[in-house]
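Engineer: This is the content of protein-v5.cif (mmCIF, N, CA and C atoms):
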```
data_coords
#
loop_
_atom_site.label_atom_id
_atom_site.label_comp_id
_atom_site.auth_asym_id
_atom_site.auth_seq_id
_atom_site.Cartn_x
_atom_site.Cartn_y
_atom_site.Cartn_z
N MET A 125 0.85 -1.18 0.00
CA MET A 125 0.00 0.00 0.00
C MET A 125 0.89 1.24 0.00
N ALA A 126 0.58 2.21 -0.83
CA ALA A 126 1.35 3.45 -0.90
C ALA A 126 0.78 4.46 0.09
N TYR A 127 1.67 5.24 0.67
CA TYR A 127 1.27 6.26 1.64
C TYR A 127 1.72 7.61 1.14
N ALA A 128 0.90 8.62 1.41
CA ALA A 128 1.29 9.98 1.06
C ALA A 128 2.48 10.37 1.93
N ARG A 129 3.46 11.00 1.31
CA ARG A 129 4.65 11.38 2.06
C ARG A 129 4.82 12.90 2.09
N ARG A 130 3.72 13.61 1.98
CA ARG A 130 3.76 15.07 2.06
C ARG A 130 3.98 15.47 3.51
N ARG A 131 4.79 16.48 3.67
CA ARG A 131 4.99 17.03 5.01
C ARG A 131 4.19 18.33 5.11
N ASP A 132 3.67 18.58 6.29
CA ASP A 132 2.97 19.85 6.50
C ASP A 132 3.99 20.99 6.40
N GLU A 133 3.50 22.17 6.05
CA GLU A 133 4.36 23.33 5.86
C GLU A 133 5.21 23.63 7.09
N ASN A 134 4.70 23.37 8.27
CA ASN A 134 5.40 23.71 9.50
C ASN A 134 6.23 22.55 10.07
N HIS A 135 6.36 21.48 9.31
CA HIS A 135 7.06 20.28 9.78
C HIS A 135 8.50 20.60 10.23
N ALA A 136 9.28 21.21 9.36
CA ALA A 136 10.69 21.50 9.68
C ALA A 136 10.79 22.47 10.85
N GLU A 137 9.89 23.43 10.91
CA GLU A 137 9.91 24.41 12.00
C GLU A 137 9.62 23.74 13.35
N ILE A 138 8.61 22.88 13.37
CA ILE A 138 8.26 22.17 14.61
C ILE A 138 9.42 21.26 15.03
N LYS A 139 10.00 20.56 14.08
CA LYS A 139 11.16 19.71 14.37
C LYS A 139 12.28 20.56 14.98
N GLY A 140 12.51 21.72 14.41
CA GLY A 140 13.54 22.61 14.91
C GLY A 140 13.27 23.10 16.32
N VAL A 141 12.00 23.33 16.64
CA VAL A 141 11.64 23.75 18.01
C VAL A 141 12.03 22.67 19.00
N PHE A 142 11.68 21.43 18.70
CA PHE A 142 12.05 20.33 19.60
C PHE A 142 13.57 20.23 19.75
N GLU A 143 14.29 20.32 18.63
CA GLU A 143 15.75 20.23 18.68
C GLU A 143 16.35 21.38 19.48
N SER A 144 15.79 22.58 19.34
CA SER A 144 16.32 23.74 20.06
C SER A 144 16.09 23.62 21.57
N LEU A 145 15.16 22.76 21.97
CA LEU A 145 14.87 22.54 23.39
C LEU A 145 15.56 21.29 23.91
N ASP A 146 16.61 20.87 23.22
CA ASP A 146 17.46 19.77 23.64
C ASP A 146 16.77 18.41 23.60
N CYS A 147 15.78 18.28 22.74
CA CYS A 147 15.12 16.98 22.55
C CYS A 147 15.80 16.23 21.41
N SER A 148 15.81 14.93 21.50
CA SER A 148 16.22 14.09 20.38
C SER A 148 15.03 13.98 19.45
N VAL A 149 15.27 14.04 18.16
CA VAL A 149 14.17 13.96 17.20
C VAL A 149 14.54 13.00 16.08
N ILE A 150 13.68 12.03 15.87
CA ILE A 150 13.81 11.14 14.71
C ILE A 150 12.65 11.46 13.79
N ASP A 151 12.98 11.86 12.57
CA ASP A 151 11.96 12.22 11.58
C ASP A 151 11.54 10.96 10.85
N VAL A 152 10.33 10.50 11.11
CA VAL A 152 9.81 9.28 10.50
C VAL A 152 8.68 9.57 9.51
N ALA A 153 8.60 10.82 9.07
CA ALA A 153 7.51 11.22 8.17
C ALA A 153 7.52 10.45 6.86
N GLY A 154 8.68 10.04 6.41
CA GLY A 154 8.77 9.31 5.15
C GLY A 154 8.45 7.83 5.28
N ALA A 155 8.32 7.36 6.49
CA ALA A 155 8.01 5.94 6.73
C ALA A 155 6.49 5.76 6.90
N PRO A 156 5.98 4.60 6.54
CA PRO A 156 4.53 4.39 6.65
C PRO A 156 4.09 4.02 8.06
N CYS A 157 4.65 4.71 9.08
CA CYS A 157 4.32 4.36 10.46
C CYS A 157 3.14 5.15 11.01
N GLY A 158 2.72 6.21 10.34
CA GLY A 158 1.56 6.97 10.79
C GLY A 158 1.87 8.14 11.71
N PHE A 159 3.14 8.41 11.96
CA PHE A 159 3.55 9.57 12.74
C PHE A 159 4.60 10.33 11.96
N ASP A 160 4.88 11.56 12.36
CA ASP A 160 5.90 12.37 11.70
C ASP A 160 7.22 12.38 12.44
N LEU A 161 7.16 12.45 13.76
CA LEU A 161 8.37 12.57 14.56
C LEU A 161 8.29 11.67 15.79
N ILE A 162 9.42 11.15 16.19
CA ILE A 162 9.55 10.54 17.50
C ILE A 162 10.47 11.48 18.27
N VAL A 163 9.94 12.04 19.36
CA VAL A 163 10.66 13.04 20.12
C VAL A 163 11.00 12.47 21.49
N GLY A 164 12.25 12.60 21.87
CA GLY A 164 12.68 12.05 23.14
C GLY A 164 13.44 13.05 23.98
N TYR A 165 13.39 12.84 25.27
CA TYR A 165 14.19 13.59 26.22
C TYR A 165 14.52 12.65 27.37
N LYS A 166 15.80 12.35 27.52
CA LYS A 166 16.28 11.39 28.51
C LYS A 166 15.50 10.08 28.38
N THR A 167 14.72 9.68 29.35
CA THR A 167 14.04 8.38 29.29
C THR A 167 12.63 8.47 28.75
N GLN A 168 12.19 9.62 28.32
CA GLN A 168 10.83 9.79 27.82
C GLN A 168 10.84 9.91 26.30
N ALA A 169 9.80 9.43 25.66
CA ALA A 169 9.65 9.59 24.21
C ALA A 169 8.17 9.70 23.90
N ILE A 170 7.88 10.41 22.83
CA ILE A 170 6.49 10.58 22.40
C ILE A 170 6.44 10.57 20.88
N ALA A 171 5.41 9.94 20.34
CA ALA A 171 5.16 9.94 18.91
C ALA A 171 4.35 11.20 18.59
N VAL A 172 4.81 11.94 17.59
CA VAL A 172 4.21 13.24 17.26
C VAL A 172 3.73 13.25 15.81
N GLU A 173 2.51 13.67 15.64
CA GLU A 173 1.96 13.95 14.31
C GLU A 173 1.94 15.48 14.17
N VAL A 174 2.53 15.99 13.13
CA VAL A 174 2.55 17.43 12.88
C VAL A 174 1.42 17.79 11.92
N LYS A 175 0.62 18.74 12.31
CA LYS A 175 -0.43 19.29 11.45
C LYS A 175 -0.25 20.80 11.38
N ASP A 176 -0.62 21.38 10.27
CA ASP A 176 -0.48 22.82 10.07
C ASP A 176 -1.67 23.53 10.69
N GLY A 177 -1.43 24.22 11.79
CA GLY A 177 -2.50 24.90 12.52
C GLY A 177 -3.11 26.06 11.77
N SER A 178 -2.46 26.53 10.68
CA SER A 178 -3.03 27.63 9.91
C SER A 178 -4.10 27.15 8.92
N LYS A 179 -4.19 25.85 8.75
CA LYS A 179 -5.21 25.29 7.84
C LYS A 179 -6.52 25.08 8.58
N PRO A 180 -7.62 25.01 7.85
CA PRO A 180 -8.91 24.76 8.51
C PRO A 180 -8.94 23.37 9.14
N PRO A 181 -9.78 23.19 10.17
CA PRO A 181 -9.84 21.89 10.85
C PRO A 181 -10.03 20.70 9.91
N SER A 182 -10.79 20.88 8.84
CA SER A 182 -11.01 19.77 7.91
C SER A 182 -9.72 19.33 7.23
N ALA A 183 -8.77 20.25 7.07
CA ALA A 183 -7.49 19.92 6.44
C ALA A 183 -6.48 19.38 7.45
N ARG A 184 -6.84 19.40 8.73
CA ARG A 184 -5.94 18.91 9.77
C ARG A 184 -6.36 17.53 10.29
N LYS A 185 -7.37 16.94 9.69
CA LYS A 185 -7.82 15.62 10.14
C LYS A 185 -6.74 14.58 9.90
N LEU A 186 -6.70 13.59 10.78
CA LEU A 186 -5.77 12.49 10.59
C LEU A 186 -6.18 11.66 9.39
N THR A 187 -5.19 11.20 8.62
CA THR A 187 -5.47 10.29 7.52
C THR A 187 -5.82 8.92 8.11
N LEU A 188 -6.27 8.02 7.30
CA LEU A 188 -6.59 6.67 7.77
C LEU A 188 -5.36 6.02 8.40
N ASN A 189 -4.21 6.12 7.74
CA ASN A 189 -2.97 5.56 8.26
C ASN A 189 -2.60 6.19 9.60
N GLU A 190 -2.71 7.52 9.71
CA GLU A 190 -2.40 8.21 10.96
C GLU A 190 -3.35 7.80 12.07
N ASN A 191 -4.62 7.72 11.74
CA ASN A 191 -5.62 7.33 12.72
C ASN A 191 -5.36 5.91 13.23
N ASN A 192 -5.06 5.00 12.32
CA ASN A 192 -4.74 3.62 12.71
C ASN A 192 -3.52 3.58 13.62
N ALA A 193 -2.51 4.38 13.30
CA ALA A 193 -1.30 4.42 14.12
C ALA A 193 -1.60 4.96 15.51
N HIS A 194 -2.40 6.01 15.59
CA HIS A 194 -2.75 6.58 16.89
C HIS A 194 -3.55 5.59 17.73
N ASN A 195 -4.41 4.83 17.09
CA ASN A 195 -5.20 3.84 17.83
C ASN A 195 -4.33 2.67 18.30
N ALA A 196 -3.31 2.31 17.53
CA ALA A 196 -2.48 1.15 17.85
C ALA A 196 -1.33 1.49 18.80
N TRP A 197 -0.87 2.73 18.80
CA TRP A 197 0.29 3.13 19.60
C TRP A 197 -0.07 3.12 21.08
N ARG A 198 0.68 2.39 21.86
CA ARG A 198 0.39 2.26 23.30
C ARG A 198 1.15 3.26 24.15
N GLY A 199 2.05 3.99 23.54
CA GLY A 199 2.82 4.98 24.28
C GLY A 199 2.20 6.37 24.12
N PRO A 200 2.86 7.37 24.70
CA PRO A 200 2.37 8.73 24.57
C PRO A 200 2.42 9.19 23.11
N LYS A 201 1.43 9.95 22.74
CA LYS A 201 1.34 10.45 21.37
C LYS A 201 0.60 11.78 21.41
N CYS A 202 0.83 12.59 20.39
CA CYS A 202 0.11 13.87 20.33
C CYS A 202 0.11 14.39 18.90
N VAL A 203 -0.74 15.37 18.69
CA VAL A 203 -0.78 16.13 17.45
C VAL A 203 -0.33 17.53 17.82
N VAL A 204 0.67 18.02 17.10
CA VAL A 204 1.21 19.36 17.35
C VAL A 204 0.90 20.22 16.13
N LYS A 205 0.26 21.37 16.38
CA LYS A 205 -0.17 22.24 15.29
C LYS A 205 0.62 23.54 15.18
N ASN A 206 1.43 23.85 16.19
CA ASN A 206 2.18 25.10 16.13
C ASN A 206 3.36 25.04 17.10
N ASN A 207 4.19 26.07 17.06
CA ASN A 207 5.39 26.10 17.90
C ASN A 207 5.07 26.08 19.38
N ASP A 208 4.02 26.79 19.78
CA ASP A 208 3.65 26.82 21.20
C ASP A 208 3.31 25.42 21.72
N GLU A 209 2.61 24.65 20.91
CA GLU A 209 2.28 23.29 21.31
C GLU A 209 3.54 22.42 21.37
N ALA A 210 4.50 22.65 20.47
CA ALA A 210 5.75 21.90 20.51
C ALA A 210 6.51 22.21 21.80
N VAL A 211 6.53 23.48 22.19
CA VAL A 211 7.19 23.88 23.44
C VAL A 211 6.50 23.19 24.62
N LEU A 212 5.18 23.17 24.61
CA LEU A 212 4.43 22.52 25.69
C LEU A 212 4.77 21.03 25.78
N VAL A 213 4.81 20.36 24.65
CA VAL A 213 5.14 18.93 24.64
C VAL A 213 6.54 18.72 25.19
N ALA A 214 7.49 19.56 24.78
CA ALA A 214 8.86 19.45 25.28
C ALA A 214 8.89 19.65 26.80
N LYS A 215 8.13 20.61 27.31
CA LYS A 215 8.07 20.84 28.76
C LYS A 215 7.51 19.62 29.48
N LEU A 216 6.48 19.03 28.91
CA LEU A 216 5.88 17.84 29.52
C LEU A 216 6.86 16.66 29.48
N LEU A 217 7.60 16.53 28.40
CA LEU A 217 8.62 15.48 28.32
C LEU A 217 9.66 15.67 29.41
N ARG A 218 10.13 16.89 29.56
CA ARG A 218 11.15 17.20 30.56
C ARG A 218 10.64 16.92 31.98
N ALA A 219 9.37 17.16 32.20
CA ALA A 219 8.77 16.94 33.52
C ALA A 219 8.33 15.49 33.71
N ARG A 220 8.53 14.67 32.66
CA ARG A 220 8.09 13.27 32.69
C ARG A 220 6.61 13.19 33.04
N HIS A 221 5.84 14.03 32.38
CA HIS A 221 4.42 14.14 32.70
C HIS A 221 3.55 13.77 31.50
N PHE A 222 3.56 12.50 31.16
CA PHE A 222 2.67 12.04 30.12
C PHE A 222 1.92 10.84 30.63
N SER A 223 0.63 10.91 30.57
CA SER A 223 -0.16 9.73 30.84
C SER A 223 -0.79 9.36 29.50
N VAL A 224 -1.92 9.91 29.20
CA VAL A 224 -2.55 9.69 27.91
C VAL A 224 -2.71 11.06 27.27
N VAL A 225 -2.07 11.25 26.13
CA VAL A 225 -2.12 12.53 25.45
C VAL A 225 -2.57 12.28 24.02
N SER A 226 -3.73 12.79 23.69
CA SER A 226 -4.20 12.64 22.33
C SER A 226 -4.00 13.92 21.53
N ASP A 227 -3.75 15.00 22.21
CA ASP A 227 -3.51 16.27 21.55
C ASP A 227 -2.60 17.09 22.46
N ALA A 228 -1.74 17.88 21.90
CA ALA A 228 -0.79 18.64 22.72
C ALA A 228 -1.50 19.51 23.74
N ILE A 229 -2.68 19.99 23.43
CA ILE A 229 -3.42 20.86 24.34
C ILE A 229 -4.05 20.06 25.49
N ALA A 230 -4.19 18.76 25.32
CA ALA A 230 -4.90 17.95 26.31
C ALA A 230 -4.33 18.07 27.71
N ASP A 231 -3.02 18.19 27.84
CA ASP A 231 -2.41 18.24 29.15
C ASP A 231 -2.03 19.67 29.56
N LYS A 232 -2.48 20.66 28.81
CA LYS A 232 -2.09 22.04 29.06
C LYS A 232 -2.46 22.46 30.49
N ALA A 233 -3.61 22.06 30.93
CA ALA A 233 -4.06 22.44 32.27
C ALA A 233 -3.21 21.79 33.35
N SER A 234 -2.61 20.66 33.03
CA SER A 234 -1.80 19.94 34.02
C SER A 234 -0.38 20.45 34.10
N ALA A 235 0.07 21.20 33.08
CA ALA A 235 1.47 21.63 33.04
C ALA A 235 1.78 22.68 34.07
#
```
Could you write out this structure as structure tokens?

Structural biologist:
Amino acid sequence: MAYARRRDENHAEIKGVFESLDCSVIDVAGAPCGFDLIVGYKTQAIAVEVKDGSKPPSARKLTLNENNAHNAWRGPKCVVKNNDEAVLVAKLLRARHFSVVSDAIADKASA
């Protein structure tokens, strides 16, 4: 099965935000795994799907492959739509504060 390998416009920028915050980043966007980035800090890691927050919500929906990956992934995962959300995810990684995260904003109140 072929998978779309388009990256969102903000993909490189979001990756750079994580790297600038001393996170390890593996770019898996070209692989058919259903995520864009695996972001780690020390003993924590999270699977990240990058979506362009400037697009309408209908254009930010998960593809079938992404949705299947999110449903199957048993570790922390999130969707990041902008730099502020990337910073928040990095802060949560550093604090080792991930339980179940379906969206970067989901744990905002807990941070």

Engineer: I need the output of the PyMOL selection byres ((chain A and resi 204) around 6.5) for this file as a ChimeraX atom specification; which residues are they?

Structural biologist: /A:172-177,202-203,205-206,209-210,227-228

Engineer: Just so the selection is clear, what residues does the PyMOL selection byres (((chain A and resi 154 and name CA) around 10) and name CA) cover here, as a short mmCIF file (atom, residue, chain, number, x, y, z; two decimals) with N, CA and C atoms, in the frame of the given file?

Structural biologist:
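Done, and the output landed in part.cif:
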```cif
data_model
loop_
_atom_site.label_atom_id
_atom_site.label_comp_id
_atom_site.auth_asym_id
_atom_site.auth_seq_id
_atom_site.Cartn_x
_atom_site.Cartn_y
_atom_site.Cartn_z
N TYR A 127 1.67 5.24 0.67
CA TYR A 127 1.27 6.26 1.64
C TYR A 127 1.72 7.61 1.14
N ALA A 128 0.90 8.62 1.41
CA ALA A 128 1.29 9.98 1.06
C ALA A 128 2.48 10.37 1.93
N ARG A 129 3.46 11.00 1.31
CA ARG A 129 4.65 11.38 2.06
C ARG A 129 4.82 12.90 2.09
N ARG A 130 3.72 13.61 1.98
CA ARG A 130 3.76 15.07 2.06
C ARG A 130 3.98 15.47 3.51
N ARG A 131 4.79 16.48 3.67
CA ARG A 131 4.99 17.03 5.01
C ARG A 131 4.19 18.33 5.11
N ASP A 151 12.98 11.86 12.57
CA ASP A 151 11.96 12.22 11.58
C ASP A 151 11.54 10.96 10.85
N VAL A 152 10.33 10.50 11.11
CA VAL A 152 9.81 9.28 10.50
C VAL A 152 8.68 9.57 9.51
N ALA A 153 8.60 10.82 9.07
CA ALA A 153 7.51 11.22 8.17
C ALA A 153 7.52 10.45 6.86
N ALA A 155 8.32 7.36 6.49
CA ALA A 155 8.01 5.94 6.73
C ALA A 155 6.49 5.76 6.90
N PRO A 156 5.98 4.60 6.54
CA PRO A 156 4.53 4.39 6.65
C PRO A 156 4.09 4.02 8.06
N CYS A 157 4.65 4.71 9.08
CA CYS A 157 4.32 4.36 10.46
C CYS A 157 3.14 5.15 11.01
N GLY A 158 2.72 6.21 10.34
CA GLY A 158 1.56 6.97 10.79
C GLY A 158 1.87 8.14 11.71
N PHE A 159 3.14 8.41 11.96
CA PHE A 159 3.55 9.57 12.74
C PHE A 159 4.60 10.33 11.96
N ASP A 160 4.88 11.56 12.36
CA ASP A 160 5.90 12.37 11.70
C ASP A 160 7.22 12.38 12.44
N LEU A 161 7.16 12.45 13.76
CA LEU A 161 8.37 12.57 14.56
C LEU A 161 8.29 11.67 15.79
#
```

Engineer: Enumerate, as a ChimeraX atom specification, the complete set of residues in region 137-224 of chain A that a backbone-based DSSP assignment places in strand (DSSP E or B).

Structural biologist: /A:148-151,161-165,168-174,201-204

Engineer: Counting all atoms listed in the file, which residues of region 151-204 of chain A sit at most 6.5 Å from some atom of region 140-147 of chain A, and what is each one's closest atom pair with its distance in Å to one decimal, listed by chain and rising residue number, as CSV?

Structural biologist:
```
residue,atom,partner,partner_atom,distance
A:Val163,C,A:Cys147,C,6.1
A:Gly164,C,A:Cys147,CA,4.5
A:Tyr165,CA,A:Cys147,CA,5.1
```

Engineer: Can you work out the spacing between atom N of Ala171 (chain A) and atom C of Gly199 (chain A) in Å, to one decimal?

Structural biologist: 6.1 Å

Engineer: For Leu217 (chain A), list every protein, DNA or RNA residue within 8 Å, evaluated using all atoms listed in the file, and leave out those in the same chain fewer than 5 positions away; present the list as a list of chain:residue names.

Structural biologist: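 The residues satisfying every condition are A:Val163, A:Gly164, A:Tyr165, A:Lys166, A:Thr167, A:Gln168, A:Ala169, A:Ile170, A:Val211, A:Leu212, A:Phe222.
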
Engineer: Keeping only N, CA and C atoms, write the selected residues to a file as an mmCIF file, in the frame of the given file.

Structural biologist:
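This went into again-v1.cif:
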```cif
data_model
loop_
_atom_site.group_PDB
_atom_site.id
_atom_site.type_symbol
_atom_site.label_atom_id
_atom_site.label_comp_id
_atom_site.auth_asym_id
_atom_site.auth_seq_id
_atom_site.Cartn_x
_atom_site.Cartn_y
_atom_site.Cartn_z
ATOM 1 N N VAL A 163 9.940 12.040 19.360
ATOM 2 C CA VAL A 163 10.660 13.040 20.120
ATOM 3 C C VAL A 163 11.000 12.470 21.490
ATOM 4 N N GLY A 164 12.250 12.600 21.870
ATOM 5 C CA GLY A 164 12.680 12.050 23.140
ATOM 6 C C GLY A 164 13.440 13.050 23.980
ATOM 7 N N TYR A 165 13.390 12.840 25.270
ATOM 8 C CA TYR A 165 14.190 13.590 26.220
ATOM 9 C C TYR A 165 14.520 12.650 27.370
ATOM 10 N N LYS A 166 15.800 12.350 27.520
ATOM 11 C CA LYS A 166 16.280 11.390 28.510
ATOM 12 C C LYS A 166 15.500 10.080 28.380
ATOM 13 N N THR A 167 14.720 9.680 29.350
ATOM 14 C CA THR A 167 14.040 8.380 29.290
ATOM 15 C C THR A 167 12.630 8.470 28.750
ATOM 16 N N GLN A 168 12.190 9.620 28.320
ATOM 17 C CA GLN A 168 10.830 9.790 27.820
ATOM 18 C C GLN A 168 10.840 9.910 26.300
ATOM 19 N N ALA A 169 9.800 9.430 25.660
ATOM 20 C CA ALA A 169 9.650 9.590 24.210
ATOM 21 C C ALA A 169 8.170 9.700 23.900
ATOM 22 N N ILE A 170 7.880 10.410 22.830
ATOM 23 C CA ILE A 170 6.490 10.580 22.400
ATOM 24 C C ILE A 170 6.440 10.570 20.880
ATOM 25 N N VAL A 211 6.530 23.480 22.190
ATOM 26 C CA VAL A 211 7.190 23.880 23.440
ATOM 27 C C VAL A 211 6.500 23.190 24.620
ATOM 28 N N LEU A 212 5.180 23.170 24.610
ATOM 29 C CA LEU A 212 4.430 22.520 25.690
ATOM 30 C C LEU A 212 4.770 21.030 25.780
ATOM 31 N N PHE A 222 3.560 12.500 31.160
ATOM 32 C CA PHE A 222 2.670 12.040 30.120
ATOM 33 C C PHE A 222 1.920 10.840 30.630
#
```

Engineer: In Å to one decimal, how far is atom N of Ile162 (chain A) from atom N of Asn189 (chain A)?

Structural biologist: 16.8 Å

Engineer: Can you list, as a ChimeraX atom specification, all residues belonging to chain A that DSSP tags as helix (DSSP H, G or I)?

Structural biologist: /A:135-144,181-184,188-196,207-218,228-234

Engineer: Could you write region 152-182 of chain A of the block just shown to a file containing C-alpha atoms, as a short mmCIF file (atom, residue, chain, number, x, y, z; two decimals), in the first residue's frame?

Structural biologist:
```
data_model
loop_
_atom_site.label_atom_id
_atom_site.label_comp_id
_atom_site.auth_asym_id
_atom_site.auth_seq_id
_atom_site.Cartn_x
_atom_site.Cartn_y
_atom_site.Cartn_z
CA VAL A 152 9.81 9.28 10.50
CA ALA A 153 7.51 11.22 8.17
CA GLY A 154 8.77 9.31 5.15
CA ALA A 155 8.01 5.94 6.73
CA PRO A 156 4.53 4.39 6.65
CA CYS A 157 4.32 4.36 10.46
CA GLY A 158 1.56 6.97 10.79
CA PHE A 159 3.55 9.57 12.74
CA ASP A 160 5.90 12.37 11.70
CA LEU A 161 8.37 12.57 14.56
CA ILE A 162 9.55 10.54 17.50
CA VAL A 163 10.66 13.04 20.12
CA GLY A 164 12.68 12.05 23.14
CA TYR A 165 14.19 13.59 26.22
CA LYS A 166 16.28 11.39 28.51
CA THR A 167 14.04 8.38 29.29
CA GLN A 168 10.83 9.79 27.82
CA ALA A 169 9.65 9.59 24.21
CA ILE A 170 6.49 10.58 22.40
CA ALA A 171 5.16 9.94 18.91
CA VAL A 172 4.21 13.24 17.26
CA GLU A 173 1.96 13.95 14.31
CA VAL A 174 2.55 17.43 12.88
CA LYS A 175 -0.43 19.29 11.45
CA ASP A 176 -0.48 22.82 10.07
CA GLY A 177 -2.50 24.90 12.52
CA SER A 178 -3.03 27.63 9.91
CA LYS A 179 -5.21 25.29 7.84
CA PRO A 180 -8.91 24.76 8.51
CA PRO A 181 -9.84 21.89 10.85
CA SER A 182 -11.01 19.77 7.91
#
```
